[in-house]
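Colleague: What follows is entry-v1.cif, mmCIF, C-alpha atoms.
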data_my_file
#
loop_
_atom_site.label_atom_id
_atom_site.label_comp_id
_atom_site.auth_asym_id
_atom_site.auth_seq_id
_atom_site.Cartn_x
_atom_site.Cartn_y
_atom_site.Cartn_z
CA MET A 1 37.66 86.33 72.63
CA THR A 2 40.37 84.77 74.74
CA ILE A 3 42.88 82.04 74.04
CA ARG A 4 44.73 79.71 76.38
CA VAL A 5 48.41 80.59 76.75
CA ALA A 6 50.58 78.06 78.59
CA VAL A 7 54.14 79.16 79.24
CA THR A 8 57.03 77.86 81.31
CA VAL A 9 58.57 80.84 83.08
CA ASN A 10 61.84 80.28 84.91
CA GLY A 11 61.00 76.58 85.07
CA THR A 12 57.46 76.99 86.44
CA GLU A 13 54.43 76.30 84.26
CA TYR A 14 51.68 78.88 84.04
CA ALA A 15 48.48 78.96 81.98
CA ARG A 16 46.10 81.88 81.54
CA ASP A 17 43.18 82.75 79.28
CA VAL A 18 44.07 86.04 77.65
CA GLU A 19 43.18 88.21 74.68
CA PRO A 20 45.32 87.48 71.61
CA ARG A 21 46.39 91.12 71.52
CA LEU A 22 48.01 90.96 74.97
CA LEU A 23 51.72 91.73 74.81
CA LEU A 24 54.18 89.38 76.46
CA ILE A 25 55.50 92.05 78.84
CA HIS A 26 51.98 92.63 80.23
CA PHE A 27 51.32 88.89 80.46
CA ILE A 28 54.47 88.45 82.56
CA ARG A 29 53.95 91.52 84.74
CA ASP A 30 50.17 91.76 85.10
CA GLU A 31 48.93 88.18 84.67
CA LEU A 32 51.81 86.39 86.40
CA GLY A 33 52.92 89.16 88.76
CA LEU A 34 56.58 88.91 87.79
CA THR A 35 57.40 92.60 87.86
CA GLY A 36 61.18 92.36 87.57
CA SER A 37 60.91 92.92 83.83
CA HIS A 38 60.15 96.56 83.17
CA TRP A 39 57.77 98.11 80.68
CA GLY A 40 59.47 101.14 79.22
CA CYS A 41 59.17 102.81 75.85
CA ASP A 42 56.59 100.45 74.32
CA THR A 43 58.27 100.89 70.93
CA SER A 44 61.04 98.23 71.03
CA ASN A 45 63.69 100.90 71.43
CA CYS A 46 64.67 101.02 75.10
CA GLY A 47 65.17 97.34 75.94
CA SER A 48 64.01 97.52 79.54
CA CYS A 49 61.51 94.71 78.77
CA VAL A 50 64.14 92.27 77.45
CA MET A 51 63.56 88.69 78.59
CA TRP A 52 64.36 85.37 76.95
CA LEU A 53 61.88 83.54 74.78
CA ASP A 54 63.12 80.05 73.96
CA ALA A 55 66.67 80.98 74.97
CA ARG A 56 66.88 84.16 72.87
CA PRO A 57 66.50 87.67 74.26
CA VAL A 58 63.45 89.50 72.99
CA LYS A 59 61.94 92.93 73.50
CA SER A 60 58.76 91.64 75.09
CA CYS A 61 56.72 94.76 74.34
CA THR A 62 56.88 93.72 70.70
CA VAL A 63 55.71 90.10 70.86
CA LEU A 64 52.31 88.77 71.78
CA ALA A 65 51.83 86.52 74.76
CA ALA A 66 50.13 84.14 72.32
CA MET A 67 53.43 83.73 70.47
CA ALA A 68 54.96 82.37 73.69
CA ASP A 69 52.37 79.62 74.06
CA GLY A 70 54.15 76.29 74.57
CA ARG A 71 57.51 77.98 74.88
CA ALA A 72 59.93 78.76 77.70
CA VAL A 73 60.47 82.26 79.06
CA ARG A 74 63.32 83.33 81.32
CA THR A 75 63.10 86.60 83.18
CA VAL A 76 65.42 88.40 85.58
CA GLU A 77 63.74 86.49 88.44
CA GLY A 78 65.24 83.32 86.94
CA LEU A 79 68.86 84.47 87.09
CA GLU A 80 69.41 83.75 90.77
CA GLN A 81 69.92 80.04 91.45
CA ASP A 82 69.52 78.53 94.94
CA GLY A 83 70.10 81.85 96.64
CA ARG A 84 73.20 82.58 94.58
CA LEU A 85 73.17 85.62 92.34
CA ASP A 86 74.15 85.10 88.75
CA PRO A 87 77.65 86.51 88.06
CA VAL A 88 76.13 89.27 85.89
CA GLN A 89 73.99 90.36 88.84
CA GLN A 90 77.02 90.26 91.10
CA GLY A 91 78.97 92.27 88.51
CA PHE A 92 76.36 95.04 88.57
CA ILE A 93 76.76 95.20 92.35
CA GLU A 94 80.56 95.13 92.27
CA CYS A 95 80.91 97.80 89.57
CA HIS A 96 77.92 100.02 90.41
CA GLY A 97 76.21 99.06 87.16
CA LEU A 98 72.98 100.88 87.97
CA GLN A 99 71.62 104.04 89.45
CA CYS A 100 67.83 104.05 89.18
CA GLY A 101 67.67 100.41 88.09
CA PHE A 102 64.96 100.76 85.47
CA CYS A 103 67.01 99.39 82.59
CA THR A 104 68.81 96.83 84.75
CA SER A 105 66.69 93.72 84.25
CA GLY A 106 66.89 94.06 80.48
CA MET A 107 70.62 94.75 80.62
CA LEU A 108 71.13 91.68 82.81
CA MET A 109 69.23 89.37 80.45
CA THR A 110 71.19 90.59 77.44
CA ALA A 111 74.47 90.35 79.36
CA ARG A 112 73.71 86.77 80.40
CA TRP A 113 72.97 85.82 76.79
CA LEU A 114 76.13 87.54 75.56
CA LEU A 115 78.36 85.70 78.02
CA ASP A 116 76.67 82.36 77.29
CA HIS A 117 77.58 82.76 73.61
CA HIS A 118 80.71 84.85 73.89
CA PRO A 119 82.45 84.30 77.24
CA ASP A 120 85.29 86.76 76.63
CA PRO A 121 83.84 89.90 74.99
CA ASP A 122 85.91 93.05 74.68
CA GLU A 123 84.48 96.47 75.42
CA ALA A 124 83.33 97.08 71.84
CA GLU A 125 81.51 93.75 71.77
CA ILE A 126 79.74 94.48 75.06
CA ARG A 127 78.70 97.90 73.78
CA GLU A 128 77.41 96.35 70.55
CA ALA A 129 75.43 93.74 72.51
CA ILE A 130 73.62 96.38 74.59
CA SER A 131 73.32 98.88 71.75
CA GLY A 132 69.57 98.29 71.52
CA GLN A 133 69.08 99.25 75.16
CA VAL A 134 68.93 102.60 76.85
CA CYS A 135 70.19 103.66 80.28
CA ARG A 136 68.91 107.14 81.10
CA CYS A 137 71.20 107.48 84.09
CA THR A 138 74.01 107.44 81.49
CA GLY A 139 75.65 104.56 83.28
CA TYR A 140 77.06 102.77 80.24
CA GLU A 141 80.67 102.89 81.45
CA ASN A 142 79.76 101.04 84.61
CA ILE A 143 77.41 98.66 82.81
CA VAL A 144 80.23 97.65 80.47
CA ARG A 145 82.55 97.19 83.47
CA SER A 146 79.92 95.11 85.23
CA VAL A 147 79.55 92.73 82.30
CA ARG A 148 83.30 92.49 81.99
CA TRP A 149 83.54 91.75 85.72
CA ALA A 150 81.14 88.83 85.23
CA ALA A 151 83.17 87.57 82.27
CA ASP A 152 86.38 87.65 84.33
CA PHE A 153 84.62 86.00 87.27
CA GLU A 154 83.35 83.15 85.11
CA ARG A 155 86.61 82.72 83.22
CA SER A 156 88.51 82.44 86.49
CA GLY A 157 86.34 79.45 87.38
CA ARG A 158 84.90 81.17 90.43
CA GLY A 159 81.44 80.91 88.93
CA GLU A 160 81.42 77.14 89.31
CA PRO A 161 79.59 75.67 92.31
CA ALA A 162 81.98 74.56 95.04
CA MET B 1 50.03 102.69 76.83
CA GLN B 2 50.14 101.26 73.32
CA VAL B 3 48.03 98.17 72.76
CA PRO B 4 47.00 96.57 69.47
CA SER B 5 43.34 96.54 68.57
CA HIS B 6 41.29 93.36 68.98
CA VAL B 7 42.58 90.62 66.73
CA GLU B 8 42.23 86.88 66.31
CA TYR B 9 45.30 84.65 66.40
CA GLU B 10 46.01 81.33 64.69
CA ARG B 11 49.23 79.40 64.72
CA ALA B 12 50.03 77.86 61.34
CA LYS B 13 50.67 74.12 61.67
CA SER B 14 52.02 73.77 58.14
CA ILE B 15 52.59 75.92 55.07
CA GLU B 16 49.35 74.54 53.59
CA HIS B 17 47.49 75.49 56.77
CA ALA B 18 48.97 79.00 56.62
CA LEU B 19 47.96 79.39 52.97
CA SER B 20 44.38 78.38 53.67
CA LEU B 21 44.14 80.80 56.64
CA LEU B 22 45.61 83.60 54.52
CA THR B 23 42.70 83.49 52.07
CA ARG B 24 40.53 85.24 54.66
CA PRO B 25 40.28 89.01 54.13
CA GLU B 26 42.10 91.32 56.59
CA THR B 27 44.59 88.63 57.53
CA ARG B 28 48.27 89.29 58.08
CA VAL B 29 51.26 87.00 58.43
CA LEU B 30 52.92 87.27 61.85
CA ALA B 31 56.60 86.35 61.73
CA GLY B 32 59.06 88.35 63.85
CA GLY B 33 56.33 90.92 64.38
CA HIS B 34 58.83 93.73 64.93
CA SER B 35 57.25 95.92 62.27
CA LEU B 36 53.68 94.59 62.32
CA ILE B 37 53.06 94.81 66.07
CA PRO B 38 54.30 98.43 66.36
CA MET B 39 52.06 99.29 63.38
CA MET B 40 49.12 97.57 65.09
CA LYS B 41 49.75 99.59 68.25
CA LEU B 42 49.52 102.78 66.20
CA ARG B 43 46.45 101.51 64.26
CA LEU B 44 48.46 101.84 61.04
CA ALA B 45 47.60 98.16 60.64
CA GLN B 46 44.37 96.66 61.93
CA PRO B 47 44.21 93.06 60.77
CA GLU B 48 41.33 90.88 61.95
CA LEU B 49 43.40 87.71 62.00
CA LEU B 50 47.10 87.07 62.59
CA VAL B 51 48.63 83.88 61.22
CA ASP B 52 51.73 83.08 63.28
CA ILE B 53 54.23 81.28 61.04
CA ASN B 54 57.06 81.08 63.58
CA GLY B 55 56.55 77.31 63.83
CA LEU B 56 57.21 76.78 60.10
CA THR B 57 60.89 76.07 60.65
CA GLU B 58 61.20 74.59 57.15
CA LEU B 59 61.25 78.23 55.98
CA ALA B 60 64.15 79.16 58.29
CA PHE B 61 67.20 78.23 56.21
CA ILE B 62 70.16 79.88 54.54
CA ARG B 63 72.27 77.73 52.23
CA ARG B 64 74.34 77.71 49.09
CA ASP B 65 72.74 75.45 46.50
CA GLY B 66 74.83 75.22 43.34
CA ASP B 67 75.01 78.67 41.78
CA GLU B 68 72.32 80.10 44.05
CA LEU B 69 72.23 81.39 47.59
CA ARG B 70 68.84 80.41 49.03
CA ILE B 71 67.37 82.28 51.99
CA GLY B 72 64.16 81.05 53.61
CA ALA B 73 61.63 83.76 54.41
CA LEU B 74 61.68 82.87 58.11
CA ALA B 75 65.48 83.18 58.47
CA ARG B 76 66.23 85.88 61.05
CA HIS B 77 68.46 88.90 60.51
CA ALA B 78 70.91 87.40 63.01
CA ASP B 79 71.02 84.17 60.96
CA LEU B 80 71.98 86.09 57.83
CA LEU B 81 74.63 88.02 59.75
CA ASP B 82 76.02 84.73 61.11
CA SER B 83 75.88 82.86 57.78
CA ALA B 84 79.35 82.21 56.40
CA ALA B 85 77.80 80.98 53.13
CA ALA B 86 76.01 84.30 52.67
CA GLY B 87 79.01 86.41 53.66
CA GLU B 88 81.33 84.55 51.30
CA CYS B 89 79.15 85.09 48.21
CA PHE B 90 77.79 88.50 49.15
CA PRO B 91 79.59 90.55 51.82
CA ILE B 92 76.85 93.16 51.21
CA PHE B 93 74.52 91.06 53.37
CA HIS B 94 76.86 91.23 56.34
CA ASP B 95 77.50 94.96 55.81
CA ALA B 96 73.76 95.60 55.87
CA GLU B 97 72.85 93.24 58.69
CA ARG B 98 75.36 94.89 61.01
CA VAL B 99 73.30 98.06 60.76
CA VAL B 100 69.74 96.69 60.63
CA ALA B 101 67.97 97.63 63.87
CA ASP B 102 69.86 96.39 66.96
CA PRO B 103 71.21 92.98 68.03
CA ILE B 104 68.10 91.97 70.01
CA VAL B 105 65.67 92.96 67.25
CA ARG B 106 67.86 91.11 64.73
CA LEU B 107 67.30 87.88 66.65
CA TRP B 108 63.56 88.06 65.88
CA GLY B 109 62.99 90.11 62.74
CA THR B 110 62.85 87.93 59.63
CA ILE B 111 64.27 88.41 56.14
CA GLY B 112 60.90 87.69 54.54
CA GLY B 113 59.17 90.06 56.91
CA SER B 114 61.55 92.87 56.00
CA LEU B 115 60.86 92.44 52.29
CA CYS B 116 57.11 92.11 52.73
CA GLN B 117 56.92 95.12 55.01
CA ALA B 118 58.17 97.10 51.99
CA ASP B 119 59.14 100.06 54.13
CA PRO B 120 60.89 102.65 51.92
CA SER B 121 63.59 103.04 54.58
CA GLU B 122 64.18 99.33 55.11
CA ASP B 123 67.71 98.18 54.23
CA LEU B 124 67.29 94.73 52.74
CA SER B 125 64.99 95.81 49.91
CA ALA B 126 67.83 97.79 48.36
CA VAL B 127 70.31 95.02 49.08
CA PHE B 128 68.20 92.36 47.36
CA ALA B 129 67.57 94.75 44.48
CA ALA B 130 71.32 95.27 44.10
CA VAL B 131 72.03 91.51 43.97
CA ARG B 132 69.05 90.96 41.63
CA ALA B 133 67.40 88.37 43.83
CA ILE B 134 64.47 86.21 42.77
CA VAL B 135 61.57 85.91 45.18
CA VAL B 136 59.59 82.67 45.50
CA ILE B 137 55.94 83.17 46.42
CA ARG B 138 53.96 80.11 47.44
CA GLY B 139 50.24 79.77 46.84
CA ARG B 140 47.85 76.88 47.03
CA ALA B 141 48.32 76.28 43.30
CA GLY B 142 52.09 76.13 43.68
CA ASP B 143 55.09 78.45 43.54
CA ARG B 144 55.62 81.49 41.37
CA THR B 145 58.87 83.42 41.07
CA VAL B 146 59.19 87.18 40.77
CA PRO B 147 62.35 89.24 40.28
CA VAL B 148 62.76 91.30 43.44
CA ARG B 149 62.84 94.42 41.26
CA GLU B 150 59.19 93.68 40.42
CA PHE B 151 58.23 92.62 43.95
CA HIS B 152 57.52 96.03 45.49
CA LEU B 153 54.52 97.95 44.15
CA GLY B 154 55.15 100.99 46.34
CA PRO B 155 55.51 101.87 50.00
CA TYR B 156 54.15 99.00 52.15
CA GLU B 157 52.82 97.20 49.07
CA THR B 158 54.08 94.05 47.37
CA VAL B 159 52.84 91.61 44.75
CA VAL B 160 52.09 88.96 47.40
CA GLY B 161 48.35 88.37 47.13
CA PRO B 162 45.66 86.89 49.38
CA GLY B 163 46.30 83.22 50.07
CA GLU B 164 50.00 83.61 49.26
CA LEU B 165 53.15 83.52 51.35
CA LEU B 166 56.69 84.66 50.58
CA ALA B 167 58.61 81.39 50.89
CA GLU B 168 62.19 82.10 49.94
CA ILE B 169 64.63 84.44 48.25
CA ARG B 170 67.14 83.12 45.74
CA VAL B 171 70.25 85.02 44.78
CA PRO B 172 72.26 84.03 41.71
CA VAL B 173 75.94 83.63 42.62
CA ARG B 174 78.38 84.74 39.91
CA SER B 175 82.16 84.60 39.87
CA GLY B 176 84.21 87.78 39.74
CA THR B 177 81.77 89.80 41.84
CA GLY B 178 82.16 92.02 44.86
CA SER B 179 79.52 93.80 46.90
CA ALA B 180 79.15 96.32 49.71
CA TYR B 181 76.56 98.37 51.62
CA GLU B 182 77.07 101.82 53.11
CA LYS B 183 74.54 103.49 55.42
CA VAL B 184 74.30 106.71 57.38
CA SER B 185 71.87 106.87 60.27
CA ARG B 186 71.54 109.15 63.26
CA ARG B 187 72.12 106.48 65.91
CA VAL B 188 72.26 102.74 66.49
CA GLY B 189 69.13 100.96 65.36
CA ASP B 190 67.67 103.89 63.49
CA TRP B 191 66.43 103.91 59.93
CA SER B 192 68.78 105.10 57.22
CA ILE B 193 68.96 108.77 56.39
CA ALA B 194 70.28 107.28 53.17
CA ALA B 195 72.11 104.11 52.21
CA ALA B 196 73.56 102.57 49.07
CA GLY B 197 74.34 98.99 48.11
CA ALA B 198 76.59 98.05 45.21
CA VAL B 199 77.36 94.81 43.40
CA LEU B 200 80.04 94.76 40.70
CA GLN B 201 80.94 91.97 38.34
CA LEU B 202 84.34 92.66 36.81
CA ASP B 203 86.34 91.05 34.05
CA GLY B 204 89.41 91.92 32.04
CA ALA B 205 92.95 92.28 33.36
CA PRO B 206 93.33 92.77 37.13
CA GLU B 207 95.25 96.03 36.56
CA ARG B 208 92.47 97.42 34.36
CA PRO B 209 89.21 95.69 35.32
CA VAL B 210 86.10 96.39 33.30
CA ILE B 211 82.59 96.38 34.72
CA ALA B 212 80.61 93.52 33.16
CA SER B 213 77.52 94.34 35.20
CA ALA B 214 76.57 96.55 38.12
CA GLY B 215 73.75 96.41 40.65
CA LEU B 216 72.96 99.53 42.67
CA GLY B 217 70.31 99.69 45.39
CA LEU B 218 69.30 102.82 47.29
CA THR B 219 67.50 103.00 50.64
CA ALA B 220 65.20 105.74 51.96
CA VAL B 221 65.66 108.19 49.09
CA GLY B 222 62.67 107.47 46.88
CA ALA B 223 64.53 105.46 44.25
CA GLU B 224 62.06 103.65 42.05
CA ARG B 225 61.96 100.01 43.19
CA PHE B 226 65.03 100.76 45.33
CA VAL B 227 67.24 100.77 42.19
CA ALA B 228 69.60 103.35 40.67
CA ALA B 229 68.95 102.08 37.14
CA GLU B 230 70.54 104.97 35.21
CA ALA B 231 73.78 104.67 37.18
CA GLU B 232 73.86 100.89 36.63
CA GLU B 233 73.47 101.42 32.90
CA PHE B 234 76.24 104.03 32.91
CA LEU B 235 78.70 101.68 34.62
CA ARG B 236 78.29 98.73 32.26
CA GLY B 237 81.38 98.32 30.09
CA ARG B 238 83.37 101.05 31.82
CA VAL B 239 86.70 100.70 33.58
CA ALA B 240 86.23 100.14 37.31
CA ASP B 241 88.01 103.23 38.58
CA GLU B 242 87.35 106.28 40.74
CA ALA B 243 86.23 108.42 37.80
CA SER B 244 83.56 105.89 36.79
CA PHE B 245 82.38 105.49 40.37
CA ALA B 246 82.10 109.26 40.94
CA ALA B 247 80.22 109.79 37.70
CA ALA B 248 77.81 106.91 38.44
CA ALA B 249 77.27 108.21 41.98
CA ALA B 250 76.36 111.66 40.62
CA ILE B 251 73.82 110.04 38.28
CA ALA B 252 72.34 108.04 41.19
CA ALA B 253 72.02 111.21 43.28
CA GLU B 254 70.37 113.06 40.40
CA HIS B 255 67.76 110.40 39.62
CA CYS B 256 66.49 109.51 43.10
CA HIS B 257 63.62 111.34 44.83
CA PRO B 258 64.45 111.98 48.48
CA SER B 259 61.93 113.80 50.68
CA ALA B 260 62.86 116.43 53.21
CA ASP B 261 61.91 115.18 56.67
CA GLN B 262 63.16 115.12 60.26
CA ARG B 263 66.20 113.16 59.06
CA GLY B 264 67.39 115.94 56.79
CA PRO B 265 66.72 118.16 53.77
CA GLU B 266 66.66 116.93 50.21
CA ASP B 267 70.06 118.31 49.16
CA TYR B 268 71.76 116.66 52.12
CA LYS B 269 70.21 113.31 51.18
CA ARG B 270 71.36 113.66 47.57
CA HIS B 271 74.84 114.46 48.85
CA LEU B 272 74.72 111.27 50.94
CA VAL B 273 73.55 109.20 47.96
CA ALA B 274 76.53 110.38 45.90
CA GLU B 275 79.03 109.81 48.67
CA LEU B 276 77.65 106.46 49.84
CA THR B 277 77.30 105.15 46.27
CA THR B 278 80.93 106.02 45.62
CA ARG B 279 82.06 104.31 48.80
CA ALA B 280 79.96 101.22 48.14
CA LEU B 281 81.29 100.91 44.57
CA ARG B 282 84.86 101.38 45.75
CA ARG B 283 84.52 98.74 48.43
CA ALA B 284 82.63 96.33 46.14
CA ALA B 285 85.41 96.60 43.54
CA ALA B 286 88.09 96.00 46.17
CA ARG B 287 86.33 92.79 47.16
CA VAL B 288 86.39 91.26 43.68
CA THR B 289 88.91 88.48 43.13
CA LEU B 290 89.82 88.29 39.45
CA ASP B 291 91.32 85.15 37.97
CA THR B 292 94.62 85.93 36.29
#
What's the structure tokens form of this structure?

Modeller:
Amino acid sequence: MTIRVAVTVNGTEYARDVEPRLLLIHFIRDELGLTGSHWGCDTSNCGSCVMWLDARPVKSCTVLAAMADGRAVRTVEGLEQDGRLDPVQQGFIECHGLQCGFCTSGMLMTARWLLDHHPDPDEAEIREAISGQVCRCTGYENIVRSVRWAADFERSGRGEPA
Amino acid sequence: MQVPSHVEYERAKSIEHALSLLTRPETRVLAGGHSLIPMMKLRLAQPELLVDINGLTELAFIRRDGDELRIGALARHADLLDSAAAGECFPIFHDAERVVADPIVRLWGTIGGSLCQADPSEDLSAVFAAVRAIVVIRGRAGDRTVPVREFHLGPYETVVGPGELLAEIRVPVRSGTGSAYEKVSRRVGDWSIAAAGAVLQLDGAPERPVIASAGLGLTAVGAERFVAAEAEEFLRGRVADEASFAAAAAIAAEHCHPSADQRGPEDYKRHLVAELTTRALRRAAARVTLDT
């Protein structure tokens, strides 16, 4: 049995007939070919599959694609706007916020959500925000610096379009 | 690769629609899904039909209503953590929600889902037991209310029957109370090794407060219905001081039934129960404001 799942991903509408048991991460990666979101632990621990569902980050290995029907999804591919990297992406470049990059898309989506709701987080607040996500390169110091870089960038007004 | 077994999916359009779908055998409510979907991946749950209630936003509320705090079953953990109304009446909710899972999971997991999952290691069951919450269960014939201390039948089992839905949780708000939750876990987001929640209602002179009533909930240590009943009984009528707290904590540690597992041996868990119960009582008492 399949059901119709229609989702807006990064502003583009997609519809696919899928099994109800299909997980959102596999829908996004395998059905839509958006492979920026990574499929990691499969147990909602590692956070590499974090994307937004209706403007809230979610571990997409733990929701069904069917639950996203009629809703909006934002993935790491949706961070860049008109060729301009999002400040959190730029922060990860500036502060060497990744080594292997596997956790990065999830970290970026959580960081973006944090700064949207809390533009001036201190180190403890950044660590709390990413506490459900795992970086196996042990790069937390630089990830925290990267998020803080983005916060400073946005607070200085440099994030606004010219 | 972990994938749930074949399952049908229906989105509930209304509470009535959900109730009628839930009469079918082998049907499960899908709310946050953060316990159910992992269990389906492991074949620990194999429902034939999922009823997605995420659209029933009328069940997603938290508000103070007279002398009750009312929490809709579909309120998320993050909503409870953010609720000033909840934190004012019962700081125990904020203590517990800070250590339930992780911030991303808390955005999706629901309060009703936590209670209905009835996991012996789940934090909110002990918290609601400590505050003596009342659970409202909706069926097609109407609502019935059940004290939360009679809600859990055992691990992963509640009194919610076929064709019924947990609708809301009501917590009586009383003056002169304080509450707290203390948990030890191995790392962020993990289940408790042990945890204790305490609610104290005090009266008498501020310099010598007496315990009018006590609520004590225990997590992950095999306490019957998540309650330390003998310790609660001991505390009633006693002076709220360190000696009473230590004695009650020893009783709580003696009467629970922790199992040795990968999180630690039995004697370590009993030690934690005593220590965490003492800390929770101490902090609950410190949070009471007594009228002079």

Colleague: Can you work out which one of B:Asp190, B:Ala285, B:Ala133, B:Gly55 has the shortest atom-to-atom distance to Arg208 of chain B, counting all atoms listed in the file?

Modeller: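 Ranking B:Asp190, B:Ala285, B:Ala133, B:Gly55 by distance to Arg208 of chain B, first place goes to B:Ala285.
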
Colleague: Could you list the residues chosen by the PyMOL selection byres ((chain A) within 9 of (chain B)) in this structure as an MDAnalysis selection string?

Modeller: chainID A and resid 1:3 19:23 42:45 47 50 56:59 62:64 66:67 110 128:133

Colleague: Looking at all atoms listed in the file, which of B:Pro25, B:Pro172, B:Gly161, B:Gly109 is the one that sits closest to Ala73 of chain B?

Modeller: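 Distance minimum relative to Ala73 of chain B lands on B:Gly109.
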
Colleague: Give the centre and edge lengths of an axis-aligned box, in Å to one decimal, that holds all listed atoms of segment 84-98 of chain A with 4 Å on each side, as AutoDock Vina command-line options.

Modeller:
--center_x 76.9 --center_y 91.7 --center_z 90.2 --size_x 15.9 --size_y 26.3 --size_z 16.7

Colleague: Skipping near chain neighbours, those fewer than 6 positions away, what residues fall within 9 Å of His96 of chain A using all atoms listed in the file, listed as a list in words?

Modeller: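 With the cut-off at 9 Å, the set is Gly139, Asn142, Ile143, Arg145 and Ser146 of chain A.
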
Colleague: Can you turn the PyMOL selection byres ((chain A and resi 36) around 12) into a concrete residue list for this file, as an NGL selection string?

Modeller: :A and (25-26 or 28-30 or 32-35 or 37-39 or 48-51 or 74-79 or 101-109)

Colleague: Between atom CA of Ala249 of chain B and atom CA of Ser179 of chain B, what is the distance in Å, rounded to a tenth?

Modeller: 15.4 Å

Colleague: Which residue is closest to Cys137 of chain A? Choose from A:Gln90, A:Ser156, A:Thr12, A:Gln99 and count all atoms listed in the file.

Modeller: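 Of A:Gln90, A:Ser156, A:Thr12, A:Gln99, the one nearest Cys137 of chain A, counting all atoms listed in the file, is A:Gln99.
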
Colleague: So which one's closest to Thr277 of chain B, B:Phe151, B:Leu218, B:Asp241, B:Ala229? Using only C-alpha atoms, please.

Modeller: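 Using only C-alpha atoms, Thr277 of chain B sits closest to B:Leu218.
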
Colleague: How far is it from atom CA of Arg64 of chain B to atom CA of Ala85 of chain B, in Å with one decimal?

Modeller: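 Atom CA of Ala85 of chain B lies 6.2 Å from atom CA of Arg64 of chain B.
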
Colleague: Could you please determine the separation between atom CA of His257 of chain B and atom CA of His94 of chain B in Å, to one decimal place?

Modeller: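 That distance, rounded to one decimal, is 26.7 Å.
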
Colleague: For a quick check of understanding, using only C-alpha atoms, which of B:Ile211, B:Val171, B:Leu69, B:Leu124 has the smallest distance to Phe93 of chain B?

Modeller: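 Ranking B:Ile211, B:Val171, B:Leu69, B:Leu124 by distance to Phe93 of chain B, first place goes to B:Leu124.
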
Colleague: Using the chain letters and numbers from the file, which residues does the PyMOL selection byres ((chain B and resi 162) around 8) grab, as a PyMOL selection string?

Modeller: chain B and resi 22-25+160-161+163-164

Colleague: Would you mind listing what lies within 9 Å of Ala55 of chain A as a PDB file with C-alpha atoms, keeping the file's coordinate frame, with all atoms listed in the file counted and same-chain residues fewer than 5 positions away left out?

Modeller:
ATOM      1  CA  ALA A  72      59.930  78.760  77.700  1.00  0.00           C
ATOM      2  CA  VAL A  73      60.470  82.260  79.060  1.00  0.00           C
ATOM      3  CA  ARG A  74      63.320  83.330  81.320  1.00  0.00           C
ATOM      4  CA  TRP A 113      72.970  85.820  76.790  1.00  0.00           C
TER       5      TRP A 113
END

Colleague: Name the closest residue to Glu123 of chain A among the candidates A:Arg136, A:Arg148, A:Arg158, A:Arg71; distances are taken between atoms, counting all atoms listed in the file.

Modeller: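 Nearest candidate to Glu123 of chain A out of A:Arg136, A:Arg148, A:Arg158, A:Arg71: A:Arg148.
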